[in-house]
>>> print(open('final07.cif').read())   # mmCIF, C-alpha atoms and all ligand atoms
data_model
loop_
_atom_site.label_atom_id
_atom_site.label_comp_id
_atom_site.auth_asym_id
_atom_site.auth_seq_id
_atom_site.Cartn_x
_atom_site.Cartn_y
_atom_site.Cartn_z
CA LEU M 46 28.04 -6.71 6.80
CA ASP M 47 24.82 -4.75 6.73
CA ARG M 48 24.26 -5.42 3.04
CA LEU M 49 22.53 -8.59 1.85
CA PHE M 50 21.27 -9.78 -1.51
CA ILE M 51 18.64 -12.50 -1.61
CA THR M 52 18.91 -13.78 -5.16
CA HIS M 53 16.98 -16.34 -7.25
CA ILE M 54 13.61 -15.72 -5.57
CA GLY M 55 11.09 -17.78 -7.57
CA ALA M 56 8.14 -15.57 -6.59
CA LEU M 57 8.07 -12.49 -4.38
CA ALA M 58 4.68 -11.76 -2.77
CA LEU M 59 4.16 -8.06 -2.01
CA PRO M 60 0.99 -7.23 -0.06
CA ASP M 61 -0.22 -3.80 -1.12
CA PRO M 62 -0.17 -1.35 1.83
CA ALA M 63 -2.78 0.90 0.19
CA ARG M 64 -5.52 -1.72 -0.21
CA THR M 65 -8.51 -1.95 2.09
CA GLY M 66 -12.14 -2.97 1.65
CA VAL M 67 -12.96 -5.41 -1.19
CA LEU M 68 -9.54 -6.96 -1.49
CA ASN M 69 -9.62 -9.85 -4.02
CA LEU M 70 -6.05 -9.48 -5.35
CA PRO M 71 -4.30 -7.36 -2.75
CA VAL M 72 -0.90 -8.98 -3.29
CA ASP M 73 1.42 -8.15 -6.19
CA VAL M 74 3.71 -10.99 -7.30
CA ILE M 75 7.09 -10.60 -9.01
CA HIS M 76 8.55 -13.76 -10.56
CA ASP M 77 12.28 -14.60 -10.68
CA THR M 78 13.69 -11.64 -8.86
CA TRP M 79 16.06 -10.54 -6.10
CA LEU M 80 16.08 -8.23 -3.08
CA GLU M 81 18.76 -5.89 -1.83
CA ILE M 82 18.70 -5.31 1.92
CA GLU M 83 20.64 -2.61 3.72
CA ASP M 84 20.62 -1.86 7.45
CA GLY M 85 17.72 -4.27 7.97
CA ARG M 86 15.45 -2.69 5.37
CA VAL M 87 14.55 -3.50 1.79
CA LYS M 88 16.51 -1.16 -0.45
CA GLN M 89 15.78 -2.44 -3.92
CA ILE M 90 13.72 -5.08 -5.71
CA GLY M 91 14.97 -6.56 -9.00
CA ALA M 92 12.97 -6.58 -12.20
CA ALA M 93 10.82 -9.62 -13.04
CA GLY M 94 12.82 -12.28 -14.86
CA GLU M 95 16.11 -11.04 -13.36
CA PRO M 96 17.12 -13.63 -10.72
CA LYS M 97 20.22 -11.72 -9.58
CA PRO M 98 21.51 -8.15 -9.77
CA PRO M 99 23.30 -7.43 -13.08
CA ASP M 100 26.51 -6.24 -11.40
CA SER M 101 27.63 -6.67 -7.81
CA THR M 102 30.23 -4.06 -6.96
CA ALA M 103 30.76 -3.73 -3.21
CA ALA M 104 31.19 -6.76 -0.94
CA ALA M 105 27.95 -8.13 0.41
CA LEU M 106 26.36 -11.24 1.83
CA ARG M 107 24.38 -13.29 -0.64
CA TYR M 108 21.61 -15.75 0.01
CA HIS M 109 20.75 -17.96 -2.96
CA ALA M 110 17.03 -18.62 -2.54
CA GLY M 111 17.05 -21.38 -5.15
CA GLY M 112 13.67 -20.49 -6.64
CA ARG M 113 11.84 -20.39 -3.31
CA LEU M 114 8.77 -18.25 -2.63
CA ALA M 115 9.40 -15.13 -0.51
CA THR M 116 6.68 -13.50 1.58
CA PRO M 117 6.76 -10.92 4.36
CA GLY M 118 7.01 -12.41 7.86
CA PHE M 119 3.58 -12.79 9.47
CA VAL M 120 2.31 -10.15 11.90
CA ASP M 121 0.13 -11.82 14.55
CA ALA M 122 -1.97 -8.99 15.98
CA HIS M 123 -3.64 -10.91 18.84
CA THR M 124 -1.91 -13.31 21.23
CA HIS M 125 -2.04 -14.22 24.94
CA PRO M 126 1.38 -15.90 25.47
CA VAL M 127 1.97 -15.11 29.18
CA PHE M 128 0.62 -18.18 30.96
CA ILE M 129 2.10 -21.14 32.83
CA SER M 130 0.05 -24.27 32.06
CA TRP M 131 -1.89 -25.65 29.14
CA ARG M 132 -5.57 -26.38 29.79
CA SER M 133 -6.04 -29.62 27.91
CA GLY M 134 -8.53 -30.83 30.54
CA GLU M 135 -10.99 -28.23 29.26
CA PHE M 136 -10.62 -29.69 25.78
CA LEU M 137 -12.05 -32.99 26.98
CA ARG M 138 -14.81 -31.26 28.97
CA ARG M 139 -15.91 -29.34 25.88
CA ILE M 140 -15.90 -32.50 23.76
CA ARG M 141 -18.19 -34.03 26.36
CA GLY M 142 -20.61 -31.12 26.06
CA GLU M 143 -19.70 -28.29 28.45
CA THR M 144 -19.38 -24.86 26.86
CA TYR M 145 -16.46 -22.43 27.21
CA GLN M 146 -18.73 -20.11 29.24
CA GLN M 147 -19.91 -22.92 31.55
CA ILE M 148 -16.31 -23.94 32.26
CA ALA M 149 -15.42 -20.30 32.98
CA ALA M 150 -18.43 -19.84 35.30
CA ALA M 151 -17.30 -22.94 37.24
CA GLY M 152 -13.91 -21.31 37.99
CA GLY M 153 -11.99 -22.84 35.07
CA GLY M 154 -11.10 -20.98 31.90
CA ILE M 155 -9.24 -17.70 32.27
CA LEU M 156 -9.30 -17.98 36.10
CA SER M 157 -7.36 -21.26 36.09
CA SER M 158 -4.59 -19.52 34.14
CA VAL M 159 -4.72 -16.66 36.66
CA ARG M 160 -3.85 -19.04 39.48
CA GLY M 161 -0.74 -20.15 37.56
CA VAL M 162 0.51 -16.65 36.74
CA ARG M 163 -0.03 -15.30 40.24
CA SER M 164 2.21 -17.98 41.73
CA ALA M 165 4.95 -17.66 39.08
CA THR M 166 8.08 -15.51 39.02
CA VAL M 167 8.83 -13.08 36.21
CA GLU M 168 11.76 -15.32 35.18
CA GLN M 169 9.55 -18.40 34.93
CA LEU M 170 7.08 -16.51 32.76
CA ALA M 171 9.82 -14.98 30.60
CA GLU M 172 11.36 -18.42 29.97
CA LEU M 173 8.03 -19.80 28.77
CA VAL M 174 7.38 -16.74 26.59
CA ARG M 175 10.86 -17.16 25.07
CA LYS M 176 10.06 -20.75 24.02
CA ARG M 177 6.76 -19.58 22.55
CA LEU M 178 8.56 -16.86 20.58
CA ASP M 179 10.84 -19.58 19.16
CA ARG M 180 7.76 -21.44 17.97
CA PHE M 181 6.23 -18.30 16.41
CA LEU M 182 9.42 -17.82 14.43
CA GLU M 183 9.43 -21.43 13.17
CA LEU M 184 5.89 -20.86 11.90
CA GLY M 185 6.88 -17.67 10.04
CA THR M 186 5.68 -15.02 12.50
CA THR M 187 8.20 -12.20 12.90
CA THR M 188 6.09 -9.73 14.94
CA ILE M 189 3.37 -10.29 17.54
CA GLU M 190 1.02 -8.27 19.65
CA ALA M 191 1.06 -9.89 23.10
CA LYS M 192 -1.35 -9.40 25.96
CA SER M 193 -1.06 -9.76 29.70
CA GLY M 194 -4.39 -10.67 31.29
CA TYR M 195 -3.79 -13.70 33.50
CA GLY M 196 -2.56 -11.71 36.52
CA LEU M 197 -5.49 -9.44 37.33
CA THR M 198 -3.76 -7.53 40.13
CA VAL M 199 -1.58 -4.47 39.55
CA GLU M 200 1.50 -6.43 40.57
CA ASP M 201 0.72 -9.57 38.53
CA GLU M 202 -0.24 -7.66 35.37
CA LEU M 203 2.99 -5.61 35.53
CA LYS M 204 4.91 -8.84 36.14
CA SER M 205 3.36 -10.33 33.00
CA LEU M 206 4.28 -7.27 30.93
CA ARG M 207 7.84 -7.37 32.32
CA ALA M 208 8.10 -11.04 31.32
CA LEU M 209 7.17 -10.04 27.76
CA HIS M 210 9.85 -7.33 27.73
CA THR M 211 12.50 -9.66 29.16
CA ALA M 212 11.76 -12.39 26.61
CA ALA M 213 11.53 -9.99 23.66
CA ALA M 214 14.77 -8.17 24.50
CA ALA M 215 16.78 -11.30 23.65
CA HIS M 216 14.69 -12.61 20.75
CA PRO M 217 14.32 -11.81 17.04
CA VAL M 218 10.50 -11.85 17.20
CA GLU M 219 9.31 -8.29 17.81
CA VAL M 220 6.66 -7.86 20.51
CA SER M 221 4.08 -5.11 20.97
CA PRO M 222 2.76 -5.50 24.54
CA THR M 223 -0.88 -4.86 25.50
CA LEU M 224 -2.24 -4.53 29.05
CA LEU M 225 -5.35 -6.73 29.36
CA GLY M 226 -6.04 -6.19 33.07
CA ALA M 227 -9.72 -6.07 32.04
CA HIS M 228 -9.77 -9.71 30.90
CA THR M 229 -12.21 -11.01 33.51
CA ILE M 230 -13.31 -10.17 37.06
CA PRO M 231 -10.93 -11.90 39.52
CA PRO M 232 -12.49 -13.92 42.39
CA GLU M 233 -11.63 -11.36 45.09
CA HIS M 234 -13.78 -8.74 43.29
CA ARG M 235 -16.54 -11.11 42.13
CA HIS M 236 -19.15 -9.30 44.18
CA ASN M 237 -18.09 -5.86 43.04
CA PRO M 238 -16.99 -5.76 39.39
CA ASP M 239 -17.14 -1.95 39.29
CA GLU M 240 -14.58 -1.82 42.07
CA TYR M 241 -12.22 -4.01 40.00
CA THR M 242 -12.83 -1.80 36.94
CA THR M 243 -11.80 1.19 39.08
CA LEU M 244 -8.61 -0.61 40.08
CA VAL M 245 -7.82 -1.26 36.40
CA CYS M 246 -8.55 2.35 35.40
CA ASP M 247 -7.04 4.25 38.32
CA ARG M 248 -4.04 2.12 39.19
CA MET M 249 -3.19 -0.59 36.68
CA ILE M 250 -3.35 1.45 33.46
CA PRO M 251 -1.47 4.50 34.85
CA ALA M 252 1.22 2.21 36.36
CA ALA M 253 1.77 0.30 33.08
CA ALA M 254 1.92 3.55 31.12
CA ALA M 255 4.31 5.24 33.58
CA ALA M 256 6.69 2.26 33.42
CA ARG M 257 6.37 2.22 29.59
CA LEU M 258 5.43 -1.44 29.72
CA ALA M 259 2.49 -1.38 27.29
CA ASP M 260 1.69 0.06 23.87
CA ALA M 261 -2.04 -0.54 24.22
CA VAL M 262 -4.92 -1.35 26.55
CA ASP M 263 -7.49 -4.08 25.83
CA VAL M 264 -10.83 -5.04 27.43
CA PHE M 265 -13.02 -8.16 27.10
CA LEU M 266 -16.57 -6.91 26.56
CA GLU M 267 -18.86 -9.92 27.04
CA GLU M 268 -21.56 -11.37 29.28
CA GLY M 269 -19.67 -12.71 32.29
CA ALA M 270 -16.69 -10.39 31.68
CA PHE M 271 -17.00 -6.58 31.35
CA THR M 272 -20.14 -4.53 30.56
CA LEU M 273 -20.34 -1.78 27.98
CA PRO M 274 -20.17 1.02 30.61
CA GLN M 275 -17.16 -0.67 32.21
CA ALA M 276 -15.45 -1.07 28.81
CA ARG M 277 -16.04 2.64 28.17
CA ARG M 278 -14.31 3.47 31.47
CA VAL M 279 -11.32 1.30 30.49
CA PHE M 280 -11.10 3.11 27.13
CA GLU M 281 -11.27 6.52 28.83
CA ALA M 282 -8.43 5.54 31.17
CA GLY M 283 -6.38 4.08 28.32
CA ARG M 284 -6.82 7.21 26.22
CA LYS M 285 -5.91 9.42 29.18
CA ALA M 286 -2.71 7.40 29.66
CA GLY M 287 -1.81 7.91 26.00
CA LEU M 288 -2.10 4.24 25.05
CA SER M 289 -3.68 2.70 21.95
CA LEU M 290 -6.98 0.90 22.44
CA ARG M 291 -8.15 -2.62 21.56
CA ILE M 292 -11.29 -4.54 22.40
CA HIS M 293 -12.41 -8.19 22.52
CA ALA M 294 -16.04 -7.83 21.42
CA ASP M 295 -19.01 -9.69 19.89
CA GLN M 296 -17.28 -13.06 20.45
CA PHE M 297 -20.26 -14.94 21.91
CA THR M 298 -22.94 -12.23 22.04
CA SER M 299 -23.39 -8.89 20.31
CA GLY M 300 -22.70 -6.11 22.82
CA GLY M 301 -22.10 -2.68 21.30
CA GLY M 302 -18.32 -2.99 21.10
CA ALA M 303 -18.12 -1.90 17.47
CA ALA M 304 -19.70 1.50 18.18
CA LEU M 305 -17.46 1.98 21.22
CA ALA M 306 -14.30 1.10 19.27
CA ALA M 307 -15.31 3.47 16.47
CA GLU M 308 -16.14 6.32 18.87
CA PHE M 309 -12.73 6.07 20.56
CA GLY M 310 -10.77 5.43 17.35
CA ALA M 311 -9.45 2.11 18.66
CA LEU M 312 -6.50 0.59 16.83
CA SER M 313 -8.30 -2.76 16.60
CA ALA M 314 -11.62 -4.47 17.32
CA ASP M 315 -11.08 -8.21 17.74
CA HIS M 316 -13.26 -11.34 17.29
CA MET M 317 -16.37 -9.48 15.97
CA ASP M 318 -18.06 -12.78 15.15
CA HIS M 319 -21.53 -11.33 15.84
CA THR M 320 -21.20 -7.73 14.66
CA ASP M 321 -24.16 -6.36 12.69
CA GLU M 322 -24.05 -4.32 9.48
CA ALA M 323 -24.39 -0.97 11.32
CA GLY M 324 -21.41 -1.87 13.50
CA LEU M 325 -19.30 -2.83 10.49
CA LYS M 326 -20.05 0.52 8.84
CA LEU M 327 -18.95 2.39 11.98
CA LEU M 328 -15.69 0.41 12.16
CA ALA M 329 -14.96 1.12 8.49
CA GLN M 330 -15.66 4.85 8.82
CA ALA M 331 -13.45 5.14 11.89
CA GLY M 332 -10.61 3.14 10.26
CA VAL M 333 -10.55 0.55 13.06
CA THR M 334 -8.82 -2.65 11.95
CA VAL M 335 -10.98 -5.73 12.58
CA VAL M 336 -8.87 -8.64 13.83
CA LEU M 337 -10.38 -11.94 12.67
CA LEU M 338 -9.78 -14.93 14.97
CA PRO M 339 -11.21 -18.01 13.23
CA GLY M 340 -9.04 -20.35 15.35
CA ALA M 341 -11.05 -19.53 18.49
CA VAL M 342 -14.37 -20.20 16.71
CA PHE M 343 -13.03 -23.50 15.36
CA PHE M 344 -11.41 -24.71 18.57
CA LEU M 345 -14.49 -23.91 20.68
CA GLY M 346 -16.56 -25.95 18.22
CA LEU M 347 -18.74 -22.97 17.28
CA ASN M 348 -20.27 -22.15 13.93
CA ASP M 349 -20.51 -18.35 13.74
CA TYR M 350 -17.36 -17.22 11.97
CA ALA M 351 -16.97 -13.45 11.63
CA PRO M 352 -18.68 -12.13 8.49
CA ALA M 353 -15.41 -11.34 6.74
CA ARG M 354 -16.89 -10.95 3.24
CA ARG M 355 -19.51 -8.52 4.52
CA MET M 356 -16.72 -6.66 6.32
CA LEU M 357 -14.84 -6.27 3.05
CA ASP M 358 -18.03 -5.24 1.22
CA ASN M 359 -18.43 -2.52 3.84
CA ASN M 360 -14.84 -1.34 3.35
CA CYS M 361 -13.53 -2.61 6.70
CA ARG M 362 -9.83 -3.25 6.99
CA ILE M 363 -9.17 -6.79 8.25
CA ALA M 364 -6.29 -8.55 9.97
CA LEU M 365 -5.97 -12.27 10.64
CA ALA M 366 -4.50 -13.45 13.96
CA THR M 367 -4.23 -16.63 16.06
CA ASP M 368 -5.61 -15.53 19.47
CA PHE M 369 -2.93 -17.95 20.78
CA ASN M 370 -3.93 -18.81 24.39
CA PRO M 371 -4.29 -21.99 26.50
CA GLY M 372 -8.10 -21.95 26.47
CA SER M 373 -9.84 -20.99 23.24
CA CYS M 374 -6.97 -21.36 20.75
CA PRO M 375 -3.67 -23.12 21.58
CA THR M 376 -2.21 -22.88 18.06
CA GLN M 377 0.50 -20.41 17.05
CA SER M 378 0.13 -21.10 13.32
CA LEU M 379 -0.95 -18.24 11.08
CA PRO M 380 -0.75 -20.54 8.03
CA LEU M 381 -3.44 -22.67 9.68
CA MET M 382 -5.51 -19.52 10.39
CA MET M 383 -5.22 -18.67 6.69
CA THR M 384 -6.70 -22.07 5.83
CA LEU M 385 -9.63 -21.48 8.22
CA ALA M 386 -10.16 -17.97 6.86
CA CYS M 387 -10.32 -19.33 3.31
CA ILE M 388 -12.59 -22.30 4.05
CA LYS M 389 -14.84 -20.80 6.72
CA MET M 390 -14.86 -17.09 5.87
CA LYS M 391 -14.42 -17.39 2.10
CA LEU M 392 -11.36 -15.18 1.91
CA THR M 393 -9.20 -15.83 -1.13
CA PRO M 394 -5.67 -17.07 -0.34
CA ALA M 395 -4.34 -13.65 -1.41
CA GLU M 396 -6.74 -11.88 0.96
CA ALA M 397 -5.76 -14.22 3.78
CA LEU M 398 -2.06 -13.51 3.14
CA TRP M 399 -2.74 -9.76 3.10
CA ALA M 400 -4.68 -9.99 6.39
CA ALA M 401 -1.92 -12.03 8.09
CA THR M 402 0.81 -9.58 7.07
CA MET M 403 -0.28 -6.05 6.07
CA GLY M 404 -3.55 -6.32 8.01
CA GLY M 405 -1.64 -7.29 11.16
CA ALA M 406 0.75 -4.40 10.60
CA TYR M 407 -2.22 -1.98 10.49
CA ALA M 408 -3.59 -3.50 13.70
CA LEU M 409 -0.24 -2.71 15.34
CA GLY M 410 -0.08 0.82 13.94
CA ALA M 411 3.12 -0.27 12.15
CA ASN M 412 1.84 -0.33 8.57
CA ASP M 413 4.56 2.05 7.33
CA ARG M 414 7.31 -0.30 8.56
CA ILE M 415 6.21 -3.98 8.42
CA GLY M 416 3.66 -6.14 6.58
CA THR M 417 5.10 -5.96 3.07
CA LEU M 418 8.53 -5.94 1.37
CA LYS M 419 8.37 -2.78 -0.71
CA PRO M 420 11.52 -0.61 -0.56
CA GLY M 421 11.84 1.10 2.83
CA TYR M 422 10.02 -1.70 4.69
CA GLN M 423 11.77 -3.84 7.30
CA ALA M 424 13.37 -6.98 5.81
CA ASP M 425 11.23 -9.49 7.76
CA ILE M 426 11.04 -12.33 5.24
CA CYS M 427 9.89 -15.96 5.02
CA LEU M 428 11.17 -18.33 2.34
CA TRP M 429 8.92 -21.25 1.42
CA VAL M 430 9.28 -24.38 -0.68
CA ALA M 431 6.27 -23.42 -2.78
CA ASP M 432 5.53 -22.09 -6.25
CA ASP M 433 3.00 -19.51 -5.09
CA ALA M 434 1.48 -18.13 -1.90
CA ASP M 435 -1.83 -19.98 -2.40
CA PHE M 436 0.09 -23.09 -1.39
CA ILE M 437 0.40 -21.77 2.20
CA PRO M 438 -3.31 -22.08 3.16
CA TYR M 439 -3.76 -25.02 0.79
CA SER M 440 -1.19 -27.17 2.61
CA PHE M 441 -3.57 -27.35 5.56
CA GLY M 442 -1.78 -27.84 8.88
CA ASN M 443 1.52 -28.55 7.13
CA ALA M 444 2.88 -25.18 6.09
CA SER M 445 5.91 -23.63 7.73
CA PRO M 446 8.71 -21.59 6.19
CA GLU M 447 12.09 -23.10 5.41
CA ALA M 448 13.98 -19.96 6.41
CA VAL M 449 13.11 -16.70 8.17
CA PHE M 450 14.90 -13.33 8.16
CA LYS M 451 14.28 -10.60 10.74
CA ARG M 452 15.59 -7.11 9.92
CA GLY M 453 17.74 -8.68 7.20
CA LYS M 454 19.34 -11.32 9.47
CA LEU M 455 18.84 -15.05 8.93
CA VAL M 456 17.26 -15.98 12.29
CA TYR M 457 15.75 -19.38 11.54
CA ARG M 458 16.41 -22.06 8.97
CA ARG M 459 15.55 -25.71 8.53
CA SER M 460 18.52 -27.95 7.77
CA SER M 461 17.31 -28.29 4.16
CA ALA M 462 17.59 -24.51 3.56
CA PRO M 463 20.72 -22.88 2.12
CA THR M 464 23.05 -20.72 4.20
CA ALA M 465 24.33 -17.30 3.22
CA ASP M 466 27.72 -16.82 1.59
CA LEU M 467 30.02 -13.90 1.03
CA ILE M 468 30.41 -12.35 -2.40
CA GLN M 469 33.15 -9.91 -3.30
O1 LIG M 501 -9.62 -14.20 23.09
N1 LIG M 501 -12.02 -13.97 24.97
C1 LIG M 501 -11.26 -13.86 25.90
N2 LIG M 501 -9.99 -14.22 25.93
C2 LIG M 501 -9.40 -15.23 25.15
C3 LIG M 501 -9.48 -16.55 25.81
C4 LIG M 501 -8.58 -16.60 26.95
C5 LIG M 501 -8.60 -17.90 27.71
O2 LIG M 501 -9.54 -18.71 27.60
O3 LIG M 501 -7.64 -18.09 28.45
C6 LIG M 501 -9.92 -15.19 23.73
O4 LIG M 501 -10.59 -16.12 23.24
FE FE M 502 -8.10 -13.02 22.83
#
>>> encode(input="final07.cif", output="structure tokens")
Amino acid sequence: LDRLFITHIGALALPDPARTGVLNLPVDVIHDTWLEIEDGRVKQIGAAGEPKPPDSTAAALRYHAGGRLATPGFVDAHTHPVFISWRSGEFLRRIRGETYQQIAAAGGGILSSVRGVRSATVEQLAELVRKRLDRFLELGTTTIEAKSGYGLTVEDELKSLRALHTAAAAHPVEVSPTLLGAHTIPPEHRHNPDEYTTLVCDRMIPAAAAARLADAVDVFLEEGAFTLPQARRVFEAGRKAGLSLRIHADQFTSGGGAALAAEFGALSADHMDHTDEAGLKLLAQAGVTVVLLPGAVFFLGLNDYAPARRMLDNNCRIALATDFNPGSCPTQSLPLMMTLACIKMKLTPAEALWAATMGGAYALGANDRIGTLKPGYQADICLWVADDADFIPYSFGNASPEAVFKRGKLVYRRSSAPTADLIQ
């Protein structure tokens, strides 16, 4: 049946798709209500105080939510899931005093993941991505942006993108793939970074676009990675290939990425931990979504969290994402990122929920389809044992949904959660 009623929802959290800038209360809440879902989309929302539809005529599936909280599934707008091995050795080295940049300069960091991906098959990578998609779902994430970036040759970047497609084709979590060939300079081009940039622009980007393997192109603008002129070349090539643009910028040092993202109308500008007021104004004017990644700041033991409140004061649109990767942020938990955003960036729990759902949807260019549960939106839904959505960031490191629906289908449930039944 393509018709489902979720009844007896204790509280339904509806992020407002129209809100941007100073958010404060960007989530409407309806108490004691129900949802009608047809063909994977929300068709109707009940009135407040009406736990089930007054009359049920045609046969349908019913899911009795038993007073649980319902939120949209999370949209994680920044992940790096195509890698072979964890890098827990770097964790210890950082605790003992080495910095992320020192480890990278010594051939660790991104380059150690490159060695793993280059020697792997597409099937090996796809199998690992599949397991990571399972984990995203258990944590309430129903859509991710996912980057390549640990291959750094034409062949190995395309292999990484193919692994994403293979894993996503058989999995409920939806994946928007991004080509991040411009992640760092690989060893064989160390003495000529411009030559590698040319390879990315003239061969890698056109090949990924021709094979329809990527929705977007990303570049890491940073000391030790790509320069501003090189990032501009990557953006020009991405635009020419008809792909959306993203940038990793201002993570460790401020480097002009905000102005570049604004000039090219990038879909997202990510990290932005050191962006100045002028840069924030440019991003707001150009409608670029800023993707906040507090997990990377926390896990690298740094102190400069992105100035999220100043972003909102300047009318920037924000998203909240994990940056899931084996180096700077091995967590897949958006609930945990919400906690960090509240404590370290002073977002309210409602703002953090908005950023992890609607904000992520904007960063994917999918804000008319996912990120909230208003009628017409995709029925990507998490049910929580909680009275209100503030509980999600409050229950620090503990929060995960009890059941998850993707396009109206129950795709994950803990044993304590109800199952659906048929009503006539
Ligand atoms: O977003 N900044 C660059 N890339 C990742 C880290 C990738 C890695 O260390 O493997 C990030 O933090
Ligand atoms: Fe990243």
>>> atom_distance(input="final07.cif", atom1="CA of Leu379 in chain M", atom2="CA of Phe436 in chain M")
13.4 Å
>>> atom_distance(input="final07.cif", atom1="CA of Met390 in chain M", atom2="CA of Ala411 in chain M")
25.4 Å
>>> closest_residue(input="final07.cif", among="M:Ala306, M:Ala434, M:Ala448, M:Ala150", to="Val74 in chain M", atoms="only C-alpha atoms")
M:Ala434
>>> closest_residue(input="final07.cif", among="M:Arg248, M:Arg48, M:Arg138, M:His125", to="Ala105 in chain M", atoms="all atoms listed in the file")
M:Arg48
>>> residues_near_ligand(input="final07.cif", ligand="ligand FE 502 (chain M)", cutoff="10 Å", atoms="only C-alpha atoms and all ligand atoms", output="ChimeraX atom specification")
/M:123-125,191-192,194,225,228,263-265,292-294,296,315-316,338,341,366-370,372-374
>>> atom_distance(input="final07.cif", atom1="CA of Leu203 in chain M", atom2="CA of Gly302 in chain M")
25.9 Å
>>> closest_residue(input="final07.cif", among="M:Val336, M:Ala386, M:Ala276, M:Val456", to="His216 in chain M", atoms="all atoms listed in the file")
M:Val456
>>> residues_around(input="final07.cif", residues="Ala214 in chain M", least_positions_apart="4", cutoff="12 Å", atoms="only C-alpha atoms", output="PDB file with C-alpha atoms, keeping the file's coordinate frame")
ATOM      1  CA  ALA M 171       9.820 -14.980  30.600  1.00  0.00           C
ATOM      2  CA  VAL M 174       7.380 -16.740  26.590  1.00  0.00           C
ATOM      3  CA  ARG M 175      10.860 -17.160  25.070  1.00  0.00           C
ATOM      4  CA  LEU M 178       8.560 -16.860  20.580  1.00  0.00           C
ATOM      5  CA  ARG M 207       7.840  -7.370  32.320  1.00  0.00           C
ATOM      6  CA  ALA M 208       8.100 -11.040  31.320  1.00  0.00           C
ATOM      7  CA  LEU M 209       7.170 -10.040  27.760  1.00  0.00           C
ATOM      8  CA  HIS M 210       9.850  -7.330  27.730  1.00  0.00           C
ATOM      9  CA  VAL M 218      10.500 -11.850  17.200  1.00  0.00           C
ATOM     10  CA  GLU M 219       9.310  -8.290  17.810  1.00  0.00           C
ATOM     11  CA  VAL M 220       6.660  -7.860  20.510  1.00  0.00           C
ATOM     12  CA  SER M 221       4.080  -5.110  20.970  1.00  0.00           C
TER      13      SER M 221
END
>>> residues_around(input="final07.cif", residues="Leu244 in chain M", least_positions_apart="5", cutoff="10 Å", atoms="only C-alpha atoms", output="VMD selection string")
chain M and resid 197 to 199 226 to 227 238 to 239 249 to 250
>>> write_last_selection(input="final07.cif", atoms="C-alpha atoms", output="short mmCIF file (atom, residue, chain, number, x, y, z; two decimals), in the coordinates of the input")
data_model
loop_
_atom_site.label_atom_id
_atom_site.label_comp_id
_atom_site.auth_asym_id
_atom_site.auth_seq_id
_atom_site.Cartn_x
_atom_site.Cartn_y
_atom_site.Cartn_z
CA LEU M 197 -5.49 -9.44 37.33
CA THR M 198 -3.76 -7.53 40.13
CA VAL M 199 -1.58 -4.47 39.55
CA GLY M 226 -6.04 -6.19 33.07
CA ALA M 227 -9.72 -6.07 32.04
CA PRO M 238 -16.99 -5.76 39.39
CA ASP M 239 -17.14 -1.95 39.29
CA MET M 249 -3.19 -0.59 36.68
CA ILE M 250 -3.35 1.45 33.46
#
>>> residues_around(input="final07.cif", residues="Leu80 in chain M", least_positions_apart="3", cutoff="9 Å", atoms="all atoms listed in the file", output="list of chain:residue names")
M:Leu49, M:Phe50, M:Ile51, M:Thr52, M:Ile54, M:Val87, M:Lys88, M:Gln89, M:Ile90, M:Gly91, M:Lys97, M:Pro98
>>> closest_residue(input="final07.cif", among="M:Gln330, M:Thr402, M:Gln147, M:Ser440", to="ligand LIG 501 (chain M)", atoms="all atoms listed in the file")
M:Gln147
>>> axis_aligned_box(input="final07.cif", around="range 233-247 of chain M", padding_each_side="8 Å", output="AutoDock Vina command-line options")
--center_x -13.1 --center_y -3.6 --center_z 40.2 --size_x 28.1 --size_y 31.6 --size_z 25.7
>>> closest_residue(input="final07.cif", among="M:Glu233, M:Glu268, M:Asp247, M:Asp260", to="ligand LIG 501 (chain M)", atoms="only C-alpha atoms and all ligand atoms")
M:Glu268
>>> closest_residue(input="final07.cif", among="M:Gly85, M:Gly416, M:Gly421, M:Gly152", to="Lys454 in chain M", atoms="only C-alpha atoms")
M:Gly85
>>> residues_around(input="final07.cif", residues="Arg291 in chain M", least_positions_apart="4", cutoff="6 Å", atoms="all atoms listed in the file", output="list in words")
Asp263, Ala311, Leu312, Ser313 and Ala314 of chain M
